[in-house]
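Worksheet for the structure shown next.
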Amino acid sequence: MPELPEVESVVRGLRSPLSGKTVKSAKLSAPDLYRTGSRPFPVLKGRKIATVERFGKAIRVDFESGGDVLVIHLGMTGNLIVEKKNSRNSGRKHRHAVLSLDGGIRLVYYDARRFGYFWVGPGEDLGGRLNIGPDPFQIRLPEFREMLMGRTAPIKSLLLNQKLLSGLGNIYVDESLFRAGIHPATPGRSAAAKTRDLLRQIRTVLRNAIRSGGSTIRDYRRADGSRGSFQNRLMVYGRTGQTCVSCGEVVQRIVLGGRGTHFCPSCQRGSE
DNA sequence: AGCTTCGCCTGCTTGC
DNA sequence: TGCAAGCAGGCGAAGC
């Protein structure tokens with residue numbers, strides 16, 4: 001489940017091998033992976049990659065000639081791997097896109113569940129076009145507070161809403177709320193008083209996770225195919241029935257907004 | 001408009 | 001052991 005730290009790790013691994021490379025061919029073999037409004041993938045042919053940046057949970061590729069940008073979202077099980085020409089991955093399943101570059105390098109996209117997407121289009125106002133809000137490092141405290149004020153939805157649902165705040169997914173929302181001592185079902189407006197600490201905890205968790213190369217629960221891999229290690233440092237996510245690292249209480253799992261939600265009933269009290 | 005639920009998709013896990 | 005149901009979840013669409 002690539003969230004901000006995983007995507008950031010992928011992006012860091014892509015920069016060096018991709019920058020300055022020219023696109024020789026661009027093939028997207030699963031047309032349903034186009035996000036609505038995208039221009040066709042092959043228009044990228046002949047263009048030279050300038051920069052690779054993270055945009056929320058998505059990846060943005062800009063080209064030297066300006067014009068259209070390429071946006072790739074990994075969905076849940078997407079892998080973007082840099083491969084040499086004669087890679088031994090050739091038999092791997094679920095290969096849906098290949099960007100062939102000069103120097104015998106290929107950027108290959110694998111995605112078993114196909115929840116990811118590709119989008120080619122104008123780079124201006126990308127947030128508006130793709131419905132992606134500021135990420136936790138960009139948003140300022142007053143803006144963050146404003147986002148929660150007057151909201152009745154559970155804080156967890158609000159933090160998962162990419163239009164409001166981009167980058168967080170199920171793992172890091174649960175981890176952030178645990179660290180901030182906030183029950184995931186707390187209405188947004190009730191959590192608004194704790195926004196300063198919450199934003200601080202979100203940033204801390206994300207920074208630590210980036211340092212660990214992200215969390216590899218199952219499918220996630222970095223651009224060189226390696227795994228992250230932050231899964232070993234998770235405090236509530238995936239720890240249902242185990243003891244809380246802080247107080248010894250048993251970590252519980254509930255379903256909130258259709259998502260498996262992990263929390264410590266002792267450290268994260270008071271939902272209403 | 002805000003909020004919730006559903007469906008997409010496939011592989012692994014669970015239960016009979 | 002084998003098979004079907006259950007589960008995982010990012011995100012857009014639909015429904016309330």
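Lettering and numbering for the structure tokens are positional, with chains as A, B, ... in the shown order, residues counted from 1 in each chain, and ligands counted from 1 in the shown order.
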
TODO: Compute the set of chain B residues within 10 Å of chain A, using only C-alpha atoms (C1' of nucleotides), and express it as a PyMOL selection string.
DONE: chain B and resi 2-5+8-11

Residues of chain C within 12 Å of chain A, only C-alpha atoms (C1' of nucleotides) counted, as a compact mmCIF listing (two decimals) with N, CA and C atoms (P, O5', C5', C4', C3', O3' and C1' of nucleotides), in the first residue's frame:
```
# COMPACT_ATOMS: atom_id res chain seq x y z
P DC C 7 -14.80 -10.95 6.10
O5' DC C 7 -13.38 -10.40 5.66
C5' DC C 7 -12.20 -11.11 6.06
C4' DC C 7 -11.01 -10.53 5.37
C3' DC C 7 -11.01 -9.00 5.28
O3' DC C 7 -9.87 -8.51 5.95
C1' DC C 7 -10.42 -10.00 3.19
P DA C 8 -9.82 -6.99 6.41
O5' DA C 8 -8.77 -6.38 5.40
C5' DA C 8 -7.44 -6.88 5.39
C4' DA C 8 -6.74 -6.39 4.15
C3' DA C 8 -7.06 -4.93 3.81
O3' DA C 8 -6.07 -4.08 4.41
C1' DA C 8 -7.09 -6.35 1.87
P DG C 9 -6.49 -2.67 4.95
O5' DG C 9 -6.58 -1.78 3.63
C5' DG C 9 -5.40 -1.54 2.88
C4' DG C 9 -5.79 -0.88 1.58
C3' DG C 9 -6.64 0.40 1.77
O3' DG C 9 -6.21 1.38 0.84
C1' DG C 9 -7.69 -1.07 0.30
P DG C 10 -5.44 2.65 1.36
O5' DG C 10 -5.31 3.52 0.03
C5' DG C 10 -4.38 3.17 -0.99
C4' DG C 10 -4.77 3.82 -2.29
C3' DG C 10 -5.35 5.22 -2.18
O3' DG C 10 -4.94 5.96 -3.34
C1' DG C 10 -7.01 3.76 -3.02
P DC C 11 -5.38 7.47 -3.51
O5' DC C 11 -6.77 7.39 -4.25
C5' DC C 11 -6.84 6.81 -5.53
C4' DC C 11 -8.28 6.76 -5.98
C3' DC C 11 -9.09 8.03 -5.70
O3' DC C 11 -9.78 8.35 -6.87
C1' DC C 11 -10.28 6.15 -5.03
P DG C 12 -10.05 9.86 -7.25
O5' DG C 12 -11.25 9.74 -8.29
C5' DG C 12 -11.17 8.76 -9.32
C4' DG C 12 -12.53 8.14 -9.54
C3' DG C 12 -13.68 9.14 -9.63
O3' DG C 12 -14.52 8.74 -10.69
C1' DG C 12 -14.14 7.56 -7.94
```

Task: Residue nearest A:Lys21 among A:Ala58, A:Leu198, A:Leu99, A:Ile81 (counting only C-alpha atoms) - done: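 Closest residue, counting only C-alpha atoms: A:Leu99.
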
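Each of A:Leu101, A:Tyr109, A:Tyr172, A:Thr51 was compared to A:Ser16 using only C-alpha atoms, and A:Thr51 turns out to be the nearest.
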
Open item on the list: If we count only C-alpha atoms (C1' of nucleotides) and set the cut-off at 12 Å, which residues sit around A:Arg196, ignoring sequence neighbours fewer than 2 positions away in its own chain? Please answer as a list in words.
Closed with: Pro136, Ile139, Arg140, Leu141, Pro142, Glu143, Phe144, Arg145, Glu146, Leu148, Ala180, Ala191, Ala192, Ala193, Lys194, Leu198, Leu199, Arg200, Gln201, Ile202 and Arg203 of chain A

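Using only C-alpha atoms (C1' of nucleotides), the contacts of A:Val98 at a cut-off of 9 Å, with sequence neighbours closer than 5 positions omitted, comprise Ser25, Ala26, Lys27, Leu28, Ser29, Arg106, Leu107, Val108 and Tyr109 of chain A.
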
TODO: Can you pull out every residue within 9 Å of A:Ile59, counting only C-alpha atoms (C1' of nucleotides), but drop anything in the same chain fewer than 6 positions away, and send it as a list in words?
DONE: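 Contacts, in chain order: Val7, Glu8, Val10, Val11, Val52, Glu53, Leu70, Val71, Ile72, His73 and Leu74 of chain A.
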
Using C-alpha atoms, can you write the selected residues to a file as an mmCIF file, in the first residue's frame?
```
data_model
loop_
_atom_site.group_PDB
_atom_site.id
_atom_site.type_symbol
_atom_site.label_atom_id
_atom_site.label_comp_id
_atom_site.auth_asym_id
_atom_site.auth_seq_id
_atom_site.Cartn_x
_atom_site.Cartn_y
_atom_site.Cartn_z
ATOM 1 C CA VAL A 7 6.142 6.870 -2.916
ATOM 2 C CA GLU A 8 8.840 9.243 -1.680
ATOM 3 C CA VAL A 10 10.363 5.211 -5.005
ATOM 4 C CA VAL A 11 10.829 8.745 -6.305
ATOM 5 C CA VAL A 52 10.773 13.214 -10.946
ATOM 6 C CA GLU A 53 8.772 14.449 -7.971
ATOM 7 C CA LEU A 70 3.344 12.177 -16.738
ATOM 8 C CA VAL A 71 1.603 11.221 -13.509
ATOM 9 C CA ILE A 72 1.764 7.684 -12.166
ATOM 10 C CA HIS A 73 -0.225 6.452 -9.174
ATOM 11 C CA LEU A 74 0.732 3.081 -7.711
#
```

- [ ] Could you give me, as a PyMOL selection string, the residues within 12 Å of C:DG6, counting only C-alpha atoms (C1' of nucleotides) and dropping anything in the same chain fewer than 2 positions from it?
- [x] (chain B and resi 12-15) or (chain C and resi 4+8)

How would the residues just chosen look if you wrote them out with C-alpha atoms (C1' of nucleotides) as a PDB file, in the first residue's frame?
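Generated file (part-v3.pdb):
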```
ATOM      1  C1'  DC B  12      -3.522 -14.678  -0.068  1.00  0.00           C
ATOM      2  C1'  DT B  13      -5.911 -16.471   4.124  1.00  0.00           C
ATOM      3  C1'  DT B  14      -9.607 -18.684   6.445  1.00  0.00           C
ATOM      4  C1'  DG B  15     -13.155 -22.081   7.160  1.00  0.00           C
TER       5       DG B  15
ATOM      6  C1'  DA C   4     -15.296 -21.143  -2.026  1.00  0.00           C
ATOM      7  C1'  DA C   8      -7.088  -6.345   1.866  1.00  0.00           C
TER       8       DA C   8
END
```

- [ ] Apply DSSP to the backbone of this structure and, from stretch 12-258 of chain A, keep only the residues in strand (DSSP E); write these as number ranges by chain.
- [x] A: 23-28, 49-55, 58-63, 69-73, 78-84, 95-101, 105-111, 117-121, 252-256

Open item on the list: One number please: atom CA of A:Ser229 to atom CA of A:Asp197, in Å, one decimal.
Closed with: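 Here the two named atoms are 25.4 Å from each other.
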
- [ ] Assign secondary structure with DSSP using the backbone only, and return the residues of stretch 60-215 of chain A in helix (DSSP H, G or I) as an MDAnalysis selection string.
- [x] chainID A and resid 88:91 126:130 141:148 155:160 170:180 188:211

If you keep C-alpha atoms, can you produce a file of those selected residues as a PDB file, in the first residue's frame?
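See again_30.pdb below for the written result:
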```pdb
ATOM      1  CA  ARG A  88      15.499 -11.459 -15.469  1.00  0.00           C
ATOM      2  CA  ASN A  89      12.111 -10.046 -14.557  1.00  0.00           C
ATOM      3  CA  SER A  90      10.881 -10.668 -18.084  1.00  0.00           C
ATOM      4  CA  GLY A  91       8.567 -13.483 -17.061  1.00  0.00           C
ATOM      5  CA  LEU A 126      -2.277  19.423 -11.150  1.00  0.00           C
ATOM      6  CA  GLY A 127      -3.962  19.326  -7.746  1.00  0.00           C
ATOM      7  CA  GLY A 128      -7.166  20.675  -9.234  1.00  0.00           C
ATOM      8  CA  ARG A 129      -7.063  18.356 -12.216  1.00  0.00           C
ATOM      9  CA  LEU A 130      -6.410  15.233 -10.151  1.00  0.00           C
ATOM     10  CA  LEU A 141      -1.365  24.693  10.717  1.00  0.00           C
ATOM     11  CA  PRO A 142      -4.230  27.188  10.245  1.00  0.00           C
ATOM     12  CA  GLU A 143      -5.166  25.482   7.007  1.00  0.00           C
ATOM     13  CA  PHE A 144      -5.071  22.077   8.685  1.00  0.00           C
ATOM     14  CA  ARG A 145      -7.224  23.317  11.551  1.00  0.00           C
ATOM     15  CA  GLU A 146      -9.685  24.850   9.111  1.00  0.00           C
ATOM     16  CA  MET A 147      -9.901  21.519   7.327  1.00  0.00           C
ATOM     17  CA  LEU A 148     -11.183  19.779  10.467  1.00  0.00           C
ATOM     18  CA  ILE A 155     -10.949  12.117  11.982  1.00  0.00           C
ATOM     19  CA  LYS A 156      -9.671   8.973  10.333  1.00  0.00           C
ATOM     20  CA  SER A 157     -11.928   9.422   7.294  1.00  0.00           C
ATOM     21  CA  LEU A 158     -10.938  13.066   6.959  1.00  0.00           C
ATOM     22  CA  LEU A 159      -7.228  12.266   7.073  1.00  0.00           C
ATOM     23  CA  LEU A 160      -7.720   9.617   4.382  1.00  0.00           C
ATOM     24  CA  ASN A 170      -4.492   3.446   6.137  1.00  0.00           C
ATOM     25  CA  ILE A 171      -1.159   2.597   7.769  1.00  0.00           C
ATOM     26  CA  TYR A 172       0.079   6.080   8.532  1.00  0.00           C
ATOM     27  CA  VAL A 173      -3.299   7.451   9.587  1.00  0.00           C
ATOM     28  CA  ASP A 174      -3.558   4.742  12.231  1.00  0.00           C
ATOM     29  CA  GLU A 175       0.021   5.322  13.348  1.00  0.00           C
ATOM     30  CA  SER A 176      -0.401   9.104  13.500  1.00  0.00           C
ATOM     31  CA  LEU A 177      -3.629   8.958  15.505  1.00  0.00           C
ATOM     32  CA  PHE A 178      -2.015   6.549  17.949  1.00  0.00           C
ATOM     33  CA  ARG A 179       0.941   8.865  18.482  1.00  0.00           C
ATOM     34  CA  ALA A 180      -1.385  11.829  18.944  1.00  0.00           C
ATOM     35  CA  GLY A 188     -13.154  16.135  13.008  1.00  0.00           C
ATOM     36  CA  ARG A 189     -14.468  19.145  14.883  1.00  0.00           C
ATOM     37  CA  SER A 190     -13.728  17.501  18.226  1.00  0.00           C
ATOM     38  CA  ALA A 191     -10.161  16.740  17.191  1.00  0.00           C
ATOM     39  CA  ALA A 192      -9.593  20.299  16.033  1.00  0.00           C
ATOM     40  CA  ALA A 193      -8.277  21.315  19.456  1.00  0.00           C
ATOM     41  CA  LYS A 194      -5.388  18.895  19.099  1.00  0.00           C
ATOM     42  CA  THR A 195      -4.405  19.875  15.579  1.00  0.00           C
ATOM     43  CA  ARG A 196      -0.960  21.201  16.437  1.00  0.00           C
ATOM     44  CA  ASP A 197       0.178  17.959  18.016  1.00  0.00           C
ATOM     45  CA  LEU A 198      -1.601  15.837  15.416  1.00  0.00           C
ATOM     46  CA  LEU A 199       0.131  17.539  12.517  1.00  0.00           C
ATOM     47  CA  ARG A 200       3.437  17.242  14.341  1.00  0.00           C
ATOM     48  CA  GLN A 201       2.933  13.515  14.899  1.00  0.00           C
ATOM     49  CA  ILE A 202       1.905  12.955  11.286  1.00  0.00           C
ATOM     50  CA  ARG A 203       5.085  14.617  10.083  1.00  0.00           C
ATOM     51  CA  THR A 204       7.239  12.676  12.530  1.00  0.00           C
ATOM     52  CA  VAL A 205       5.788   9.314  11.509  1.00  0.00           C
ATOM     53  CA  LEU A 206       6.216  10.125   7.835  1.00  0.00           C
ATOM     54  CA  ARG A 207       9.800  11.311   8.276  1.00  0.00           C
ATOM     55  CA  ASN A 208      10.737   8.216  10.241  1.00  0.00           C
ATOM     56  CA  ALA A 209       9.096   5.983   7.668  1.00  0.00           C
ATOM     57  CA  ILE A 210      10.909   7.711   4.805  1.00  0.00           C
ATOM     58  CA  ARG A 211      14.177   7.114   6.635  1.00  0.00           C
TER      59      ARG A 211
END
```
